[in-house]
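Following: one structure in structure tokens, then a few remarks.
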Amino acid sequence: MNKLSDKYDVVIIGAGIGGLVCGCYLAKGGMKVLIIEKNDFVGGCCTSFLKKGFKFDAAVFSLGGCSENGNIGKVILDHNLSEFVDIKRPEITDIVIGSSSSVTIDRDIKYTIDSFSTTFPNERKNVKLFFNYITKSSFSTLYYETKNMTFLKLLNKYFKSESIKNILSLFLGSAGMPADTIPAFVAILLYKEYVLDGGYYPRGGIQSFPDALKKRFIKYGGQLKLSDEVVSVKIKDSKMCETTTAKKVMFKSKLVVANCSPHALFYKLLNKENMPKKYLKKMEKLSISLSAFLIYLGLANKTNILKKNIGKIWYCGTIDINNYYSDLRNDKAVNLEQGFLISSPSSKDSSLAPAGMENICIMTLAPYKNIKFWSNHREKIETEILRKMEVLFPGLNKEIIVRSNATPITIERYTGNSKGAAYGWESTLGNNIPQLTPFSNLILVGHWTPHGSGITRVCLSGRLAALHILNNAKVLNKESDVALSYA
């Protein structure tokens, strides 16, 4: 890598997916770009780590929207990432184990409809109508017909069975929201991108995706500074910014792109006194998403919990997932073992575990809480989840030789996300701040923008920010325009 300069066209704070995507487009467009990252790796939440020979995915277990017209698919094509990463999609992307029934999500929508119809024969006609509506309707139709209703209201429109509504609501765990609160339009987008175009997995583990972006960014001439945290951003005027790191290195740039928590940006890095009070007041009223609790297991022998052509397992141990998500959201006492997601990296790539062995990653939504709470409860919560896993998969616990967990405090420490937020702001319309800030040369990317949460939406935020900078195009507004934000 070339020696770092002290002047750039753009400095990007954070090498999460949003920052990397934005950096790739800008560097490809001929701009001089520096990305500064506090960790010694790139990817933010979309990372992997090695423990005693097992490679675990930290918090992202698969990718969505990788088809040619998907948000990640566009990034892959625009930057020829297939040169650096091999991304495959299993035949069955998800299995749902409900309290009284199970279904499968297949990469062919026909088989997904068949699975729901077989499990719920009395809803056969409505299943087909529901999936046809969300897959075949135009964006504008979906937006204008569902923008003022909740997802639960949409489900009630199609289904009578509480069991099928419960299973269809389970996938809202990817946004951390209950069906009676999340806008139907947002939930439909989640289905289109993460469920019906989901389950993609890169060879080598989830870390391979950000690493591919990193390689392409550097090939374009972009520069990356790892293991150094930004501690100050000064907006000198509309033409100059100064970004200073913990190692006391200062970089001048025309623009700053912030791929970090807005709380850290506006309250720590920038001088709060220079921020418009109306802007900060609005931000303080916004709701932050739930966090997560994760368990990582290394198994001495293969259990084949997840076979080769299966992506993830969703477990729902309650007959009312809507109330369960609501209780989590309202910070009420709940049993976290009532709903969780299971992935096995080594079932998709055997090189991610020692020969003959297997690794398992488990994630459940969780409220933030404080350090004292998690110090007192993390082991108990882990034990309860593993007890439930043993019921589901007898003999599992005796195979465990590596065992670790991560709390919302862990997520906050590594990602810098306020309260360990797994999805940035809560996914409700208008509960966000625009990408364009009160400063003309400071732009936001990531899941704290109006585009929503998850890797595919984060990619969109990075791509739109870059297009705005490169072309001075009117692709971003100073106000949060819902139709634009979720396009």
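Identifiers for the structure tokens are assigned positionally: chains receive A, B, ... in sequence, residues are indexed from 1 per chain, and ligands are indexed from 1 in the order shown.
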
Using 12 Å as the limit and counting only C-alpha atoms, can you tabulate each residue of range 135-225 of chain A that touches range 357-366 of chain A, with its shortest atom-to-atom distance in Å and the two atoms involved, as a tab-separated table?
residue	atom	partner	partner_atom	distance
A:Leu170	CA	A:Leu365	CA	11.5
A:Phe171	CA	A:Leu365	CA	11.9
A:Leu172	CA	A:Leu365	CA	10.8
A:Gly173	CA	A:Leu365	CA	7.2
A:Ser174	CA	A:Leu365	CA	9.1
A:Ala175	CA	A:Leu365	CA	9.7
A:Gly176	CA	A:Leu365	CA	6.8
A:Met177	CA	A:Leu365	CA	9.8
A:Pro178	CA	A:Leu365	CA	11.7
A:Gly205	CA	A:Asn359	CA	11.7

Limited to all heavy atoms, could you put the picked residues into a file as a PDB file, in the first residue's frame?
ATOM      1  N   LEU A 170     -42.092 -14.424  12.366  1.00  0.00           N
ATOM      2  CA  LEU A 170     -40.793 -14.791  12.937  1.00  0.00           C
ATOM      3  C   LEU A 170     -39.649 -14.128  12.190  1.00  0.00           C
ATOM      4  O   LEU A 170     -38.670 -13.690  12.792  1.00  0.00           O
ATOM      5  CB  LEU A 170     -40.632 -16.312  12.907  1.00  0.00           C
ATOM      6  CG  LEU A 170     -39.323 -16.880  13.469  1.00  0.00           C
ATOM      7  CD1 LEU A 170     -39.194 -16.564  14.954  1.00  0.00           C
ATOM      8  CD2 LEU A 170     -39.263 -18.386  13.239  1.00  0.00           C
ATOM      9  N   PHE A 171     -39.769 -14.017  10.867  1.00  0.00           N
ATOM     10  CA  PHE A 171     -38.689 -13.443  10.058  1.00  0.00           C
ATOM     11  C   PHE A 171     -38.451 -11.966  10.352  1.00  0.00           C
ATOM     12  O   PHE A 171     -37.426 -11.408   9.962  1.00  0.00           O
ATOM     13  CB  PHE A 171     -38.985 -13.633   8.571  1.00  0.00           C
ATOM     14  CG  PHE A 171     -38.938 -15.069   8.136  1.00  0.00           C
ATOM     15  CD1 PHE A 171     -40.106 -15.758   7.860  1.00  0.00           C
ATOM     16  CD2 PHE A 171     -37.731 -15.739   8.025  1.00  0.00           C
ATOM     17  CE1 PHE A 171     -40.072 -17.085   7.464  1.00  0.00           C
ATOM     18  CE2 PHE A 171     -37.686 -17.068   7.630  1.00  0.00           C
ATOM     19  CZ  PHE A 171     -38.861 -17.747   7.351  1.00  0.00           C
ATOM     20  N   LEU A 172     -39.383 -11.334  11.043  1.00  0.00           N
ATOM     21  CA  LEU A 172     -39.190  -9.935  11.418  1.00  0.00           C
ATOM     22  C   LEU A 172     -38.083  -9.785  12.453  1.00  0.00           C
ATOM     23  O   LEU A 172     -37.677  -8.673  12.782  1.00  0.00           O
ATOM     24  CB  LEU A 172     -40.506  -9.338  11.953  1.00  0.00           C
ATOM     25  CG  LEU A 172     -41.692  -9.389  10.987  1.00  0.00           C
ATOM     26  CD1 LEU A 172     -42.903  -8.710  11.616  1.00  0.00           C
ATOM     27  CD2 LEU A 172     -41.346  -8.751   9.658  1.00  0.00           C
ATOM     28  N   GLY A 173     -37.589 -10.922  12.945  1.00  0.00           N
ATOM     29  CA  GLY A 173     -36.413 -10.875  13.800  1.00  0.00           C
ATOM     30  C   GLY A 173     -35.238 -10.254  13.077  1.00  0.00           C
ATOM     31  O   GLY A 173     -34.311  -9.722  13.703  1.00  0.00           O
ATOM     32  N   SER A 174     -35.249 -10.266  11.746  1.00  0.00           N
ATOM     33  CA  SER A 174     -34.187  -9.637  10.951  1.00  0.00           C
ATOM     34  C   SER A 174     -34.265  -8.121  10.994  1.00  0.00           C
ATOM     35  O   SER A 174     -33.383  -7.436  10.472  1.00  0.00           O
ATOM     36  CB  SER A 174     -34.268 -10.104   9.493  1.00  0.00           C
ATOM     37  OG  SER A 174     -33.922 -11.473   9.387  1.00  0.00           O
ATOM     38  N   ALA A 175     -35.314  -7.602  11.601  1.00  0.00           N
ATOM     39  CA  ALA A 175     -35.427  -6.156  11.809  1.00  0.00           C
ATOM     40  C   ALA A 175     -35.622  -5.834  13.283  1.00  0.00           C
ATOM     41  O   ALA A 175     -35.611  -4.669  13.680  1.00  0.00           O
ATOM     42  CB  ALA A 175     -36.594  -5.586  11.007  1.00  0.00           C
ATOM     43  N   GLY A 176     -35.827  -6.882  14.097  1.00  0.00           N
ATOM     44  CA  GLY A 176     -36.016  -6.668  15.529  1.00  0.00           C
ATOM     45  C   GLY A 176     -37.326  -5.998  15.878  1.00  0.00           C
ATOM     46  O   GLY A 176     -37.415  -5.261  16.855  1.00  0.00           O
ATOM     47  N   MET A 177     -38.375  -6.262  15.085  1.00  0.00           N
ATOM     48  CA  MET A 177     -39.651  -5.579  15.278  1.00  0.00           C
ATOM     49  C   MET A 177     -40.818  -6.553  15.280  1.00  0.00           C
ATOM     50  O   MET A 177     -40.810  -7.545  14.540  1.00  0.00           O
ATOM     51  CB  MET A 177     -39.866  -4.560  14.159  1.00  0.00           C
ATOM     52  CG  MET A 177     -38.849  -3.434  14.131  1.00  0.00           C
ATOM     53  SD  MET A 177     -39.134  -2.238  15.443  1.00  0.00           S
ATOM     54  CE  MET A 177     -40.602  -1.420  14.831  1.00  0.00           C
ATOM     55  N   PRO A 178     -41.863  -6.294  16.076  1.00  0.00           N
ATOM     56  CA  PRO A 178     -43.075  -7.128  16.055  1.00  0.00           C
ATOM     57  C   PRO A 178     -43.979  -6.765  14.887  1.00  0.00           C
ATOM     58  O   PRO A 178     -43.919  -5.649  14.357  1.00  0.00           O
ATOM     59  CB  PRO A 178     -43.743  -6.796  17.392  1.00  0.00           C
ATOM     60  CG  PRO A 178     -43.290  -5.407  17.712  1.00  0.00           C
ATOM     61  CD  PRO A 178     -41.900  -5.294  17.163  1.00  0.00           C
ATOM     62  N   GLY A 205     -16.277 -18.036   4.678  1.00  0.00           N
ATOM     63  CA  GLY A 205     -16.946 -17.362   5.788  1.00  0.00           C
ATOM     64  C   GLY A 205     -17.410 -15.973   5.413  1.00  0.00           C
ATOM     65  O   GLY A 205     -17.027 -15.416   4.381  1.00  0.00           O
TER      66      GLY A 205
END

Exercise. Just asking: which residues within range 57-176 of chain A are helix (DSSP H, G or I) according to DSSP, as a ChimeraX atom specification?
Worked result: /A:71-78,81-83,109-119,121-136,139-146,151-158,162-174

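For the set A:Leu294, A:Val256, A:Val231, A:Val186, the residue with the smallest atom-to-atom gap to Val10 in chain A is A:Val256, counting only C-alpha atoms.
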
For this session: From range 16-226 of chain A, collect each residue whose DSSP state is strand (DSSP E or B) and return the set as a PyMOL selection string.
Result: chain A and resi 16+33-36+43+48-51+54-57+63+87-88+92-97+102-106+150+183+200-202+223-225

For this session: Using only C-alpha atoms, pick whichever of A:Leu196, A:Ala466, A:Val60, A:Ile35 has the shortest atom-to-atom distance to Ser208 in chain A.
Result: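 Answer, going by the shortest atom-to-atom distance: A:Val60.
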
Exercise. So, counting only C-alpha atoms, which residue among A:Lys51, A:Lys252, A:Lys219, A:Lys307 is closest to Gly30 in chain A?
Worked result: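 Closest to Gly30 in chain A of all the choices is A:Lys219.
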
For this session: Have a look at CA of Ile188 in chain A and CA of Ile167 in chain A and let me know their distance in Å, one decimal.
Result: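 One can read the CA of Ile188 in chain A to CA of Ile167 in chain A distance as 14.7 Å.
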
Exercise. In terms of the shortest atom-to-atom distance over only C-alpha atoms, which of A:Ile321, A:Leu152, A:Cys241, A:Ile310 is closest to Ser344 in chain A?
Worked result: A:Ile310

For this session: Considering only C-alpha atoms, state which residue in the set A:Ile218, A:Phe251, A:Leu77, A:Ile371 is at the smallest distance from Arg413 in chain A.
Result: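 When distances to Arg413 in chain A are compared using only C-alpha atoms, the smallest one comes from A:Ile371.
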
Exercise. A:Glu91, A:Asp180, A:Glu284, A:Glu162: which is nearest Asp106 in chain A, counting only C-alpha atoms?
Worked result: A:Glu91

Exercise. Contacts of Ile235 in chain A at 8 Å or less, counting only C-alpha atoms, minus same-chain residues fewer than 5 places along, as a ChimeraX atom specification?
Worked result: /A:240-242,439,441

For this session: Determine, counting only C-alpha atoms, which protein, DNA and RNA residues have an atom within 7 Å of an atom of Ala27 in chain A; residues of the same chain fewer than 6 positions away are not included. Present the result as a ChimeraX atom specification.
Result: /A:33,217,220-222

Got time to write the residues from that selection, C-alpha atoms, as an mmCIF file, in the first residue's frame?
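The resulting file, selection_7.cif, is reproduced below:
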data_model
loop_
_atom_site.group_PDB
_atom_site.id
_atom_site.type_symbol
_atom_site.label_atom_id
_atom_site.label_comp_id
_atom_site.auth_asym_id
_atom_site.auth_seq_id
_atom_site.Cartn_x
_atom_site.Cartn_y
_atom_site.Cartn_z
ATOM 1 C CA VAL A 33 -10.118 8.212 -0.733
ATOM 2 C CA PHE A 217 -10.937 -0.669 -2.967
ATOM 3 C CA TYR A 220 -8.771 1.113 -7.324
ATOM 4 C CA GLY A 221 -6.071 3.096 -5.515
ATOM 5 C CA GLY A 222 -7.987 3.672 -2.273
#

Give me, as JSON lines, each residue of range 222-319 of chain A that comes within 9 Å of range 19-24 of chain A, together with its shortest interatomic pair and the distance in Å at one decimal, counting only C-alpha atoms, with rows ordered by chain and rising residue number.
{"residue": "A:Gly222", "atom": "CA", "partner": "A:Gly23", "partner_atom": "CA", "distance": 7.3}
{"residue": "A:Val257", "atom": "CA", "partner": "A:Gly19", "partner_atom": "CA", "distance": 7.6}
{"residue": "A:Ala258", "atom": "CA", "partner": "A:Gly19", "partner_atom": "CA", "distance": 7.5}
{"residue": "A:Asn259", "atom": "CA", "partner": "A:Gly19", "partner_atom": "CA", "distance": 5.4}
{"residue": "A:Cys260", "atom": "CA", "partner": "A:Gly19", "partner_atom": "CA", "distance": 8.9}

For this session: Excluding Phe84 in chain A and residues on its chain fewer than 2 positions from it, collect all residues at most 9 Å away from it, counting only C-alpha atoms, and give them as a list in words.
Result: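 After dropping sequence-adjacent residues, the list is Asn80, Leu81, Ser82, Asp86, Ser208, Phe209, Asp211, Ala212, Leu213, Lys215 and Arg216 of chain A.
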